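**Student:** I'm passing along target18.cif; it holds mmCIF, C-alpha atoms.
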```
data_query
#
loop_
_atom_site.group_PDB
_atom_site.id
_atom_site.type_symbol
_atom_site.label_atom_id
_atom_site.label_comp_id
_atom_site.auth_asym_id
_atom_site.auth_seq_id
_atom_site.Cartn_x
_atom_site.Cartn_y
_atom_site.Cartn_z
ATOM 1 C CA GLY A 99 3.279 2.149 -31.666
ATOM 2 C CA LYS A 100 4.892 -0.784 -29.919
ATOM 3 C CA LEU A 101 2.941 -3.929 -29.164
ATOM 4 C CA ALA A 102 4.574 -4.135 -25.734
ATOM 5 C CA ARG A 103 6.759 -1.956 -23.544
ATOM 6 C CA SER A 104 9.189 -2.852 -20.766
ATOM 7 C CA HIS A 105 9.141 -1.122 -17.374
ATOM 8 C CA LYS A 106 11.941 -1.273 -14.816
ATOM 9 C CA MET A 107 11.154 -1.545 -11.101
ATOM 10 C CA ALA A 108 7.404 -1.041 -11.175
ATOM 11 C CA THR A 109 5.429 -1.930 -8.054
ATOM 12 C CA VAL A 110 2.455 -4.308 -8.205
ATOM 13 C CA LEU A 111 -0.196 -5.024 -5.569
ATOM 14 C CA PHE A 112 -2.529 -8.004 -5.303
ATOM 15 C CA MET A 113 -5.295 -8.187 -2.719
ATOM 16 C CA ASP A 114 -8.262 -10.422 -2.065
ATOM 17 C CA ILE A 115 -11.064 -10.887 0.434
ATOM 18 C CA CYS A 116 -10.482 -13.321 3.264
ATOM 19 C CA GLY A 117 -13.247 -15.944 3.391
ATOM 20 C CA PHE A 118 -14.562 -15.170 -0.082
ATOM 21 C CA THR A 119 -14.832 -18.837 -1.130
ATOM 22 C CA SER A 120 -17.038 -19.635 1.873
ATOM 23 C CA LEU A 121 -19.031 -16.472 1.201
ATOM 24 C CA SER A 122 -19.760 -17.514 -2.378
ATOM 25 C CA LYS A 123 -21.161 -20.838 -1.154
ATOM 26 C CA SER A 124 -23.296 -19.281 1.585
ATOM 27 C CA VAL A 125 -25.151 -16.421 -0.117
ATOM 28 C CA GLU A 126 -26.928 -15.740 -3.397
ATOM 29 C CA PRO A 127 -24.795 -14.588 -6.373
ATOM 30 C CA HIS A 128 -26.540 -11.209 -6.574
ATOM 31 C CA GLU A 129 -25.609 -10.508 -2.933
ATOM 32 C CA VAL A 130 -21.979 -11.353 -3.658
ATOM 33 C CA MET A 131 -21.973 -9.055 -6.664
ATOM 34 C CA GLN A 132 -23.600 -6.245 -4.701
ATOM 35 C CA MET A 133 -21.002 -6.537 -1.959
ATOM 36 C CA LEU A 134 -18.130 -6.601 -4.472
ATOM 37 C CA ASN A 135 -19.532 -3.573 -6.293
ATOM 38 C CA THR A 136 -19.797 -1.589 -3.052
ATOM 39 C CA LEU A 137 -16.361 -2.655 -1.927
ATOM 40 C CA PHE A 138 -14.473 -2.175 -5.181
ATOM 41 C CA SER A 139 -16.229 1.100 -6.031
ATOM 42 C CA SER A 140 -14.761 2.604 -2.866
ATOM 43 C CA VAL A 141 -11.362 1.134 -3.742
ATOM 44 C CA ASP A 142 -11.604 2.590 -7.274
ATOM 45 C CA LYS A 143 -11.832 6.079 -5.788
ATOM 46 C CA LEU A 144 -8.653 5.457 -3.803
ATOM 47 C CA THR A 145 -6.710 4.650 -6.991
ATOM 48 C CA ASP A 146 -7.334 8.216 -8.165
ATOM 49 C CA LYS A 147 -6.415 9.699 -4.802
ATOM 50 C CA TYR A 148 -3.091 7.861 -4.573
ATOM 51 C CA LYS A 149 -2.336 7.924 -8.329
ATOM 52 C CA VAL A 150 -2.012 4.197 -8.841
ATOM 53 C CA HIS A 151 -3.268 2.245 -11.859
ATOM 54 C CA LYS A 152 -6.041 -0.334 -11.565
ATOM 55 C CA VAL A 153 -4.890 -3.283 -13.640
ATOM 56 C CA GLU A 154 -7.955 -5.498 -13.273
ATOM 57 C CA THR A 155 -10.267 -7.417 -10.980
ATOM 58 C CA ALA A 156 -10.733 -11.169 -11.157
ATOM 59 C CA GLY A 157 -13.412 -12.444 -8.808
ATOM 60 C CA ASP A 158 -12.466 -11.027 -5.421
ATOM 61 C CA CYS A 159 -8.886 -10.247 -6.496
ATOM 62 C CA TYR A 160 -8.018 -6.581 -7.116
ATOM 63 C CA ILE A 161 -4.720 -5.673 -8.805
ATOM 64 C CA VAL A 162 -3.001 -2.287 -9.059
ATOM 65 C CA SER A 163 0.389 -1.052 -10.248
ATOM 66 C CA SER A 164 2.532 2.070 -10.202
ATOM 67 C CA GLY A 165 5.451 2.920 -12.448
ATOM 68 C CA VAL A 166 3.752 1.669 -15.622
ATOM 69 C CA LEU A 167 1.310 4.394 -16.679
ATOM 70 C CA SER A 168 1.931 8.139 -16.680
ATOM 71 C CA ASP A 169 -0.514 10.846 -15.586
ATOM 72 C CA GLN A 170 -0.830 11.992 -19.211
ATOM 73 C CA THR A 171 -3.607 10.920 -21.580
ATOM 74 C CA TYR A 172 -3.927 10.809 -25.369
ATOM 75 C CA ASN A 173 -7.381 10.797 -26.994
ATOM 76 C CA GLY A 174 -8.836 9.763 -23.666
ATOM 77 C CA PHE A 175 -6.397 6.882 -23.129
ATOM 78 C CA SER A 176 -3.691 6.692 -20.461
ATOM 79 C CA CYS A 177 -0.100 6.736 -21.709
ATOM 80 C CA THR A 178 2.607 4.312 -20.644
ATOM 81 C CA LEU A 179 5.812 5.656 -19.141
ATOM 82 C CA ASP A 180 8.821 5.880 -21.460
ATOM 83 C CA HIS A 181 11.161 5.513 -18.494
ATOM 84 C CA HIS A 182 10.877 5.200 -14.748
ATOM 85 C CA ASP A 183 13.639 6.559 -12.537
ATOM 86 C CA ARG A 184 11.797 6.892 -9.214
ATOM 87 C CA PRO A 185 10.876 3.377 -8.067
ATOM 88 C CA GLY A 186 10.697 4.500 -4.439
ATOM 89 C CA VAL A 187 7.963 7.001 -5.284
ATOM 90 C CA SER A 188 5.914 4.347 -7.071
ATOM 91 C CA ALA A 189 6.338 1.904 -4.207
ATOM 92 C CA GLY A 190 5.293 4.626 -1.756
ATOM 93 C CA ARG A 191 2.130 5.360 -3.715
ATOM 94 C CA VAL A 192 1.138 1.705 -3.707
ATOM 95 C CA MET A 193 1.930 1.377 -0.014
ATOM 96 C CA GLU A 194 -0.169 4.399 0.966
ATOM 97 C CA PHE A 195 -2.961 3.079 -1.247
ATOM 98 C CA ALA A 196 -2.779 -0.299 0.518
ATOM 99 C CA LYS A 197 -3.009 1.335 3.947
ATOM 100 C CA ALA A 198 -6.053 3.340 2.867
ATOM 101 C CA VAL A 199 -7.689 0.220 1.425
ATOM 102 C CA LEU A 200 -7.463 -1.620 4.745
ATOM 103 C CA GLN A 201 -9.222 1.270 6.468
ATOM 104 C CA GLU A 202 -11.875 1.742 3.784
ATOM 105 C CA THR A 203 -12.805 -1.904 3.263
ATOM 106 C CA ALA A 204 -13.197 -2.430 7.005
ATOM 107 C CA LYS A 205 -16.312 -0.221 6.742
ATOM 108 C CA VAL A 206 -18.041 -2.866 4.591
ATOM 109 C CA ASN A 207 -19.640 -5.892 6.245
ATOM 110 C CA MET A 208 -19.748 -9.449 4.932
ATOM 111 C CA PRO A 209 -23.277 -10.324 3.649
ATOM 112 C CA TYR A 210 -23.802 -13.342 5.921
ATOM 113 C CA SER A 211 -22.560 -11.659 9.120
ATOM 114 C CA SER A 212 -21.881 -8.312 10.713
ATOM 115 C CA ASP A 213 -18.140 -8.902 10.552
ATOM 116 C CA PRO A 214 -16.155 -6.280 8.617
ATOM 117 C CA VAL A 215 -14.433 -7.290 5.411
ATOM 118 C CA GLN A 216 -10.782 -8.272 5.845
ATOM 119 C CA MET A 217 -8.368 -7.946 2.954
ATOM 120 C CA ARG A 218 -5.082 -9.761 2.454
ATOM 121 C CA VAL A 219 -2.548 -7.565 0.614
ATOM 122 C CA GLY A 220 0.697 -8.494 -1.141
ATOM 123 C CA ILE A 221 3.199 -6.160 -2.836
ATOM 124 C CA HIS A 222 6.334 -6.736 -4.920
ATOM 125 C CA SER A 223 8.544 -4.461 -7.029
ATOM 126 C CA GLY A 224 10.352 -5.489 -10.200
ATOM 127 C CA ASP A 225 10.423 -5.434 -13.976
ATOM 128 C CA VAL A 226 7.242 -5.918 -16.019
ATOM 129 C CA VAL A 227 6.040 -5.717 -19.622
ATOM 130 C CA SER A 228 2.780 -4.000 -20.574
ATOM 131 C CA GLY A 229 0.699 -4.062 -23.739
ATOM 132 C CA LEU A 230 -2.626 -4.683 -25.465
ATOM 133 C CA ILE A 231 -3.655 -8.309 -25.868
ATOM 134 C CA GLY A 232 -5.963 -9.628 -28.580
ATOM 135 C CA THR A 233 -7.998 -8.039 -31.364
ATOM 136 C CA LYS A 234 -11.509 -8.658 -30.005
ATOM 137 C CA LEU A 235 -12.179 -6.641 -26.834
ATOM 138 C CA PRO A 236 -8.443 -5.821 -26.525
ATOM 139 C CA LYS A 237 -7.250 -5.534 -22.971
ATOM 140 C CA PHE A 238 -4.290 -3.638 -21.523
ATOM 141 C CA SER A 239 -2.327 -6.110 -19.408
ATOM 142 C CA ILE A 240 0.858 -6.382 -17.394
ATOM 143 C CA PHE A 241 3.091 -9.459 -17.508
ATOM 144 C CA GLY A 242 6.238 -10.730 -15.861
ATOM 145 C CA ASP A 243 7.532 -12.598 -12.861
ATOM 146 C CA THR A 244 6.849 -9.485 -10.774
ATOM 147 C CA MET A 245 3.130 -10.179 -11.177
ATOM 148 C CA ASN A 246 3.593 -13.772 -10.003
ATOM 149 C CA THR A 247 5.641 -12.715 -6.989
ATOM 150 C CA ALA A 248 3.136 -10.039 -5.947
ATOM 151 C CA ALA A 249 0.394 -12.668 -6.145
ATOM 152 C CA ARG A 250 2.470 -14.973 -3.917
ATOM 153 C CA MET A 251 2.967 -12.171 -1.383
ATOM 154 C CA GLU A 252 -0.811 -11.883 -1.197
ATOM 155 C CA SER A 253 -1.520 -15.611 -0.938
ATOM 156 C CA THR A 254 1.093 -16.121 1.800
ATOM 157 C CA GLY A 255 0.060 -13.001 3.713
ATOM 158 C CA LYS A 256 -2.200 -12.570 6.724
ATOM 159 C CA PRO A 257 -5.736 -11.143 7.020
ATOM 160 C CA GLY A 258 -5.747 -7.383 7.488
ATOM 161 C CA ARG A 259 -1.987 -7.115 6.876
ATOM 162 C CA ILE A 260 0.302 -5.808 4.126
ATOM 163 C CA HIS A 261 2.880 -8.429 3.114
ATOM 164 C CA VAL A 262 5.818 -7.304 0.959
ATOM 165 C CA SER A 263 8.917 -8.766 -0.626
ATOM 166 C CA GLU A 264 12.424 -7.819 0.430
ATOM 167 C CA THR A 265 12.766 -5.746 -2.753
ATOM 168 C CA THR A 266 9.748 -3.591 -1.919
ATOM 169 C CA GLN A 267 10.790 -3.320 1.727
ATOM 170 C CA GLY A 268 14.174 -2.016 0.576
ATOM 171 C CA LEU A 269 12.454 0.755 -1.397
ATOM 172 C CA LEU A 270 10.464 1.832 1.670
ATOM 173 C CA PRO A 271 12.882 2.070 4.617
ATOM 174 C CA GLU A 272 10.817 4.835 6.235
ATOM 175 C CA TYR A 273 8.061 2.372 7.158
ATOM 176 C CA ALA A 274 8.144 0.138 10.227
ATOM 177 C CA TRP A 275 8.491 -3.505 9.191
ATOM 178 C CA GLU A 276 8.116 -6.800 10.986
ATOM 179 C CA SER A 277 10.322 -9.520 9.543
ATOM 180 C CA VAL A 278 8.466 -12.693 8.628
ATOM 181 C CA GLY A 279 11.769 -14.454 8.104
ATOM 182 C CA VAL A 280 12.692 -16.684 5.190
ATOM 183 C CA ILE A 281 9.645 -18.536 3.878
ATOM 184 C CA ASN A 282 9.150 -21.079 1.122
ATOM 185 C CA VAL A 283 7.143 -19.378 -1.641
ATOM 186 C CA LYS A 284 5.568 -21.611 -4.283
ATOM 187 C CA GLY A 285 7.364 -21.212 -7.598
ATOM 188 C CA LYS A 286 9.950 -18.862 -6.066
ATOM 189 C CA GLY A 287 11.779 -20.876 -3.439
ATOM 190 C CA MET A 288 13.014 -19.324 -0.211
ATOM 191 C CA MET A 289 12.280 -15.600 0.199
ATOM 192 C CA GLN A 290 12.772 -13.045 2.958
ATOM 193 C CA THR A 291 9.505 -11.151 3.420
ATOM 194 C CA TYR A 292 8.047 -8.477 5.689
ATOM 195 C CA LEU A 293 4.742 -7.371 7.182
ATOM 196 C CA TRP A 294 3.986 -3.689 7.714
ATOM 197 C CA ASP A 295 3.831 -2.936 11.446
ATOM 198 C CA SER A 296 0.669 -0.841 11.662
ATOM 199 C CA GLY A 297 1.220 -0.311 15.391
ATOM 200 C CA ARG A 298 4.405 1.687 14.822
ATOM 201 C CA GLY A 299 3.680 2.821 11.274
ATOM 202 C CA TRP A 300 7.032 4.493 10.655
ATOM 203 C CA SER A 301 10.625 3.536 11.390
ATOM 204 C CA GLN A 302 12.448 5.301 14.222
ATOM 205 C CA GLN A 303 14.956 6.649 11.700
ATOM 206 C CA ALA A 304 12.201 8.256 9.633
ATOM 207 C CA ILE A 305 10.696 9.882 12.726
ATOM 208 C CA GLN A 306 14.084 11.261 13.771
ATOM 209 C CA GLN A 307 14.702 12.669 10.287
ATOM 210 C CA GLN A 308 11.280 14.316 10.278
ATOM 211 C CA GLN A 309 11.936 15.807 13.725
ATOM 212 C CA GLN A 310 15.236 17.261 12.517
ATOM 213 C CA GLN A 311 13.530 18.797 9.479
ATOM 214 C CA GLN A 312 10.844 20.331 11.676
ATOM 215 C CA LEU A 313 13.451 21.780 14.041
ATOM 216 C CA ILE A 314 15.280 23.337 11.101
ATOM 217 C CA GLY A 315 12.023 24.864 9.937
ATOM 218 C CA GLU A 316 11.196 26.198 13.407
ATOM 219 C CA GLU A 317 14.646 27.728 13.864
ATOM 220 C CA SER A 318 14.528 29.427 10.468
ATOM 221 C CA GLY A 319 11.030 30.720 11.130
ATOM 222 C CA SER A 320 9.683 29.247 7.903
ATOM 223 C CA PRO A 321 7.864 25.999 7.077
ATOM 224 C CA THR A 322 10.046 23.162 5.876
ATOM 225 C CA VAL A 323 9.418 22.059 2.322
ATOM 226 C CA GLY A 324 8.090 18.522 1.977
ATOM 227 C CA ILE A 325 6.637 18.199 5.480
ATOM 228 C CA ASP A 326 2.949 17.386 5.755
ATOM 229 C CA ASN A 327 1.976 18.653 9.202
ATOM 230 C CA THR A 328 -1.333 16.783 8.979
ATOM 231 C CA GLY A 329 0.137 13.474 7.846
ATOM 232 C CA PRO A 330 0.438 10.298 9.929
ATOM 233 C CA LEU A 331 4.193 10.668 10.410
ATOM 234 C CA SER A 332 3.837 14.218 11.761
ATOM 235 C CA LEU A 333 1.041 12.996 14.032
ATOM 236 C CA ALA A 334 3.323 10.301 15.428
ATOM 237 C CA ILE A 335 6.043 12.894 16.060
ATOM 238 C CA ASN A 336 3.614 15.200 17.871
ATOM 239 C CA VAL A 337 2.521 12.312 20.096
ATOM 240 C CA ILE A 338 6.154 11.566 20.955
ATOM 241 C CA LYS A 339 6.784 15.255 21.719
ATOM 242 C CA GLY A 340 3.692 15.364 23.926
ATOM 243 C CA LEU A 341 4.727 12.294 25.900
ATOM 244 C CA THR A 342 8.242 13.682 26.317
ATOM 245 C CA ALA A 343 6.903 17.007 27.567
ATOM 246 C CA LEU A 344 4.507 15.258 29.961
ATOM 247 C CA LYS A 345 7.330 13.118 31.336
ATOM 248 C CA SER A 346 9.521 16.212 31.861
ATOM 249 C CA ARG A 347 6.668 18.066 33.562
ATOM 250 C CA SER A 348 5.949 15.148 35.894
ATOM 251 C CA SER A 349 9.644 14.957 36.864
ATOM 252 C CA ASN A 350 9.761 18.688 37.698
ATOM 253 C CA GLU A 351 6.588 18.488 39.791
ATOM 254 C CA LEU A 352 8.018 15.516 41.704
ATOM 255 C CA GLU A 353 11.264 17.410 42.434
ATOM 256 C CA GLN A 354 9.326 20.437 43.684
ATOM 257 C CA ALA A 355 7.214 18.248 45.954
ATOM 258 C CA LEU A 356 10.288 16.632 47.463
ATOM 259 C CA THR A 357 11.932 19.994 48.202
#
```
When written as structure tokens, how does the structure in this file appear?

**Tutor:**
Amino acid sequence: GKLARSHKMATVLFMDICGFTSLSKSVEPHEVMQMLNTLFSSVDKLTDKYKVHKVETAGDCYIVSSGVLSDQTYNGFSCTLDHHDRPGVSAGRVMEFAKAVLQETAKVNMPYSSDPVQMRVGIHSGDVVSGLIGTKLPKFSIFGDTMNTAARMESTGKPGRIHVSETTQGLLPEYAWESVGVINVKGKGMMQTYLWDSGRGWSQQAIQQQQQQQLIGEESGSPTVGIDNTGPLSLAINVIKGLTALKSRSSNELEQALT
């Protein structure tokens, strides 16, 4: 087979633990390792759930990708993708994984305090090359400027937030984004970046499109394909509907009282 393979518009995530350097100086090494094992074991399970590929861990840094490996295996080994024509799907998988990670890791406490672990997450989408490196303990690795940029998104991000490049943000218009503006990124120059707005979660356009799809399904008397009625977007829509209904009810009661 080929020594290396190119992949167009894969999505890569870097994340690390805020305050890890201070932690390493304050507690015994075995406590650090125990905490990392607990933390990253829970994250490992999420990679299977959201179908993303764990690239590696380096200290407190955890790296995943999507759009590089396929779901197929050969002799127990994962296969690389021959082509990748759905970059938005890959970016969505990584994004949903990142959201789940923030929730899951918050359940783990730092060894020297009762404070929950806070992760800093960075995501970028672009071209990469994958392959096996070395002959002794060969390791499957991913290379390219996309890896560097994803790492910069993480290092310039904020605790407990998901920081993405403009390229990744463009692949995920259904999410609610908060513009960071143009920032100076080391080795990259000036870049427009975004933080995921966890308060809103989804863009107003995405909510309106989902509402229209639900109305079509209700009018036809059959469920609409592709709608997850238990998902976070549907939950947001139901909340909006409930508030609208409550507002309408309050207005009617007020009119009746006045008459």

**Student:** Quick one: which stretch 105-216 of chain A residues come within 8 Å of stretch 254-277 of chain A, and what is the nearest atom pair for each with the distance in Å to one decimal, counting only C-alpha atoms, rows ordered by chain and ascending number, as CSV?

**Tutor:**
```
residue,atom,partner,partner_atom,distance
A:Thr109,CA,A:Thr266,CA,7.7
A:Cys116,CA,A:Pro257,CA,6.4
A:Pro185,CA,A:Leu269,CA,7.3
A:Gly186,CA,A:Leu269,CA,5.1
A:Ala189,CA,A:Leu269,CA,6.8
A:Gly190,CA,A:Leu270,CA,6.8
A:Ala196,CA,A:Ile260,CA,7.3
A:Lys197,CA,A:Ile260,CA,7.9
A:Leu200,CA,A:Gly258,CA,6.6
A:Gln216,CA,A:Gly258,CA,5.4
```

**Student:** If we count only C-alpha atoms, what is near stretch 145-150 of chain A at a cut-off of 6 Å, once residues fewer than 6 positions away on the same chain are taken out, given as a PyMOL selection string?

**Tutor:** chain A and resi 163-164+191+195

**Student:** Tell me which of A:Trp300, A:Tyr292, A:Phe112, A:Tyr210 sits closest to A:Val153, counting all atoms listed in the file.

**Tutor:** A:Phe112

**Student:** Which residues match the PyMOL selection byres ((chain A and resi 110) around 12) in the file above, as number ranges by chain?

**Tutor:** A: 105-109, 111-113, 150-154, 160-166, 185, 188-193, 195-196, 219-226, 240-252, 262-263, 265-266

**Student:** Report, in Å to a single decimal, how far apart atom CA of A:Ser140 and atom CA of A:Thr119 are.

**Tutor:** 21.5 Å

**Student:** Under the PyMOL selection byres ((chain A and resi 130-137) around 12), which residues of this model are included? Write them out as a VMD selection string.

**Tutor:** chain A and resid 114 to 115 118 to 129 138 to 144 155 to 160 199 to 210 214 to 217
